[in-house]
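Okay, so here's the structure we're looking at.
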Amino acid sequence: MSSRSSVAALIAALVIAGCAKGPGPRPSEPAEVTVGISVSHPAPWSVISSPLRIEGMADRGWFFEGVCGARLVASDGTPVAEWYVRAQGDTYAAETWLPFAGEIEFEMPEAGYGSLVLTHSSADTGYALREFQMPIRFRMYE
């Protein structure tokens, strides 16, 4: 086999290998499983009031020293409140998901809706390593 045909065969093999796709995510898997967190309360688009009780389950990678950041953000991006949720168990011993819970007190913003954002941030830099956002509605008082 000549070097020219060997190069052509090698290029063809690389192109074929590069075009091959491995199995992708199953479409039936909910987004919560992909990010390793599931919020059971409040439900998406719920009308919330203060204090807001937050509950759910997350894999242990969401917690640093047993806590995960939680904040409320108005639809215009204005921060409304920031606090944390606490894991209900030993995050170092757990091999699976852990329940979490927490409460955030806040003053009602002018915006009618916004987001509940849960984050796991780097202890060194403060940058969010993982983030989960869920739409919520604020109860407006007259």
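Residue numbers start at 1 in each chain; chains themselves are named A, B, ... in the order of the structure tokens; ligands are numbered from 1 in the order shown.
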* Check the DSSP output for the backbone and give back, as number ranges by chain, the residues of stretch 28-110 of chain A in helix (DSSP H, G or I). => A: 31-35, 60-62
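Nearest to A:Glu103 of all the residues A:Val80, A:Ala43, A:Leu52, A:Cys68 is A:Leu52, counting only C-alpha atoms.
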* Asked: Which residue gives the smallest distance to A:Gly56 among A:Pro99, A:Pro42, A:Gly69, A:Gly36, with only C-alpha atoms counted?
  ->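 Result for the nearest residue to A:Gly56: A:Pro99.
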Fewer than 3 positions away in the same chain doesn't count, so skip those; otherwise give me all residues within 12 Å of stretch 130-138 of chain A, counting only C-alpha atoms, as a PDB file with C-alpha atoms, in the first residue's frame.
ATOM      1  CA  ALA A  31     -34.344  18.358  33.367  1.00  0.00           C
ATOM      2  CA  GLU A  32     -34.126  18.017  37.148  1.00  0.00           C
ATOM      3  CA  VAL A  33     -32.367  14.662  36.800  1.00  0.00           C
ATOM      4  CA  THR A  34     -29.831  16.171  34.393  1.00  0.00           C
ATOM      5  CA  VAL A  35     -28.796  18.915  36.810  1.00  0.00           C
ATOM      6  CA  GLY A  36     -29.042  16.717  39.913  1.00  0.00           C
ATOM      7  CA  ILE A  37     -31.727  18.689  41.722  1.00  0.00           C
ATOM      8  CA  SER A  38     -35.498  18.565  42.044  1.00  0.00           C
ATOM      9  CA  VAL A  39     -37.600  21.212  43.826  1.00  0.00           C
ATOM     10  CA  SER A  40     -40.853  19.890  45.292  1.00  0.00           C
ATOM     11  CA  HIS A  41     -41.979  23.180  46.895  1.00  0.00           C
ATOM     12  CA  PRO A  42     -42.775  25.670  45.512  1.00  0.00           C
ATOM     13  CA  ALA A  43     -44.002  24.352  42.173  1.00  0.00           C
ATOM     14  CA  PRO A  44     -42.958  26.224  39.011  1.00  0.00           C
ATOM     15  CA  TRP A  45     -45.038  29.373  38.386  1.00  0.00           C
ATOM     16  CA  SER A  46     -46.503  29.206  41.912  1.00  0.00           C
ATOM     17  CA  VAL A  47     -47.675  32.429  43.516  1.00  0.00           C
ATOM     18  CA  ILE A  48     -45.330  32.863  46.481  1.00  0.00           C
ATOM     19  CA  SER A  49     -45.321  34.970  49.621  1.00  0.00           C
ATOM     20  CA  SER A  50     -42.885  35.663  52.429  1.00  0.00           C
ATOM     21  CA  PRO A  51     -41.512  33.635  54.094  1.00  0.00           C
ATOM     22  CA  LEU A  52     -41.045  31.211  51.209  1.00  0.00           C
ATOM     23  CA  ILE A  54     -38.199  25.738  49.771  1.00  0.00           C
ATOM     24  CA  ALA A  58     -30.454  17.089  45.336  1.00  0.00           C
ATOM     25  CA  ASP A  59     -27.347  15.020  44.826  1.00  0.00           C
ATOM     26  CA  GLY A  61     -22.578  17.686  44.822  1.00  0.00           C
ATOM     27  CA  TRP A  62     -24.975  20.618  45.300  1.00  0.00           C
ATOM     28  CA  PHE A  63     -23.913  21.142  48.910  1.00  0.00           C
ATOM     29  CA  PHE A  64     -20.834  22.641  50.533  1.00  0.00           C
ATOM     30  CA  CYS A  68     -26.730  25.329  48.945  1.00  0.00           C
ATOM     31  CA  GLY A  69     -27.326  28.954  47.933  1.00  0.00           C
ATOM     32  CA  ALA A  70     -30.889  30.131  47.253  1.00  0.00           C
ATOM     33  CA  ARG A  71     -32.061  33.474  45.937  1.00  0.00           C
ATOM     34  CA  LEU A  72     -35.105  35.175  44.495  1.00  0.00           C
ATOM     35  CA  VAL A  73     -34.676  37.397  41.462  1.00  0.00           C
ATOM     36  CA  ALA A  74     -37.337  39.674  39.943  1.00  0.00           C
ATOM     37  CA  SER A  75     -38.100  39.409  36.221  1.00  0.00           C
ATOM     38  CA  VAL A  80     -35.099  40.242  45.859  1.00  0.00           C
ATOM     39  CA  PHE A 106     -38.325  38.885  51.430  1.00  0.00           C
ATOM     40  CA  GLU A 107     -40.097  42.130  50.688  1.00  0.00           C
ATOM     41  CA  MET A 108     -42.550  41.906  47.817  1.00  0.00           C
ATOM     42  CA  PRO A 109     -41.017  43.398  44.650  1.00  0.00           C
ATOM     43  CA  GLU A 110     -42.939  45.438  42.104  1.00  0.00           C
ATOM     44  CA  ALA A 111     -42.345  42.770  39.463  1.00  0.00           C
ATOM     45  CA  GLY A 112     -45.167  40.277  39.033  1.00  0.00           C
ATOM     46  CA  TYR A 113     -42.890  37.323  38.406  1.00  0.00           C
ATOM     47  CA  GLY A 114     -39.295  36.182  38.692  1.00  0.00           C
ATOM     48  CA  SER A 115     -37.128  33.173  39.478  1.00  0.00           C
ATOM     49  CA  LEU A 116     -36.076  30.994  42.349  1.00  0.00           C
ATOM     50  CA  VAL A 117     -32.380  30.260  41.778  1.00  0.00           C
ATOM     51  CA  LEU A 118     -30.445  27.528  43.589  1.00  0.00           C
ATOM     52  CA  THR A 119     -26.667  27.560  43.257  1.00  0.00           C
ATOM     53  CA  HIS A 120     -23.611  25.622  44.292  1.00  0.00           C
ATOM     54  CA  SER A 121     -20.706  28.077  44.220  1.00  0.00           C
ATOM     55  CA  SER A 122     -16.977  27.597  44.435  1.00  0.00           C
ATOM     56  CA  GLY A 126     -17.542  32.423  44.531  1.00  0.00           C
ATOM     57  CA  TYR A 127     -18.422  31.547  40.929  1.00  0.00           C
ATOM     58  CA  TYR A 141     -50.713  43.235  47.772  1.00  0.00           C
TER      59      TYR A 141
END
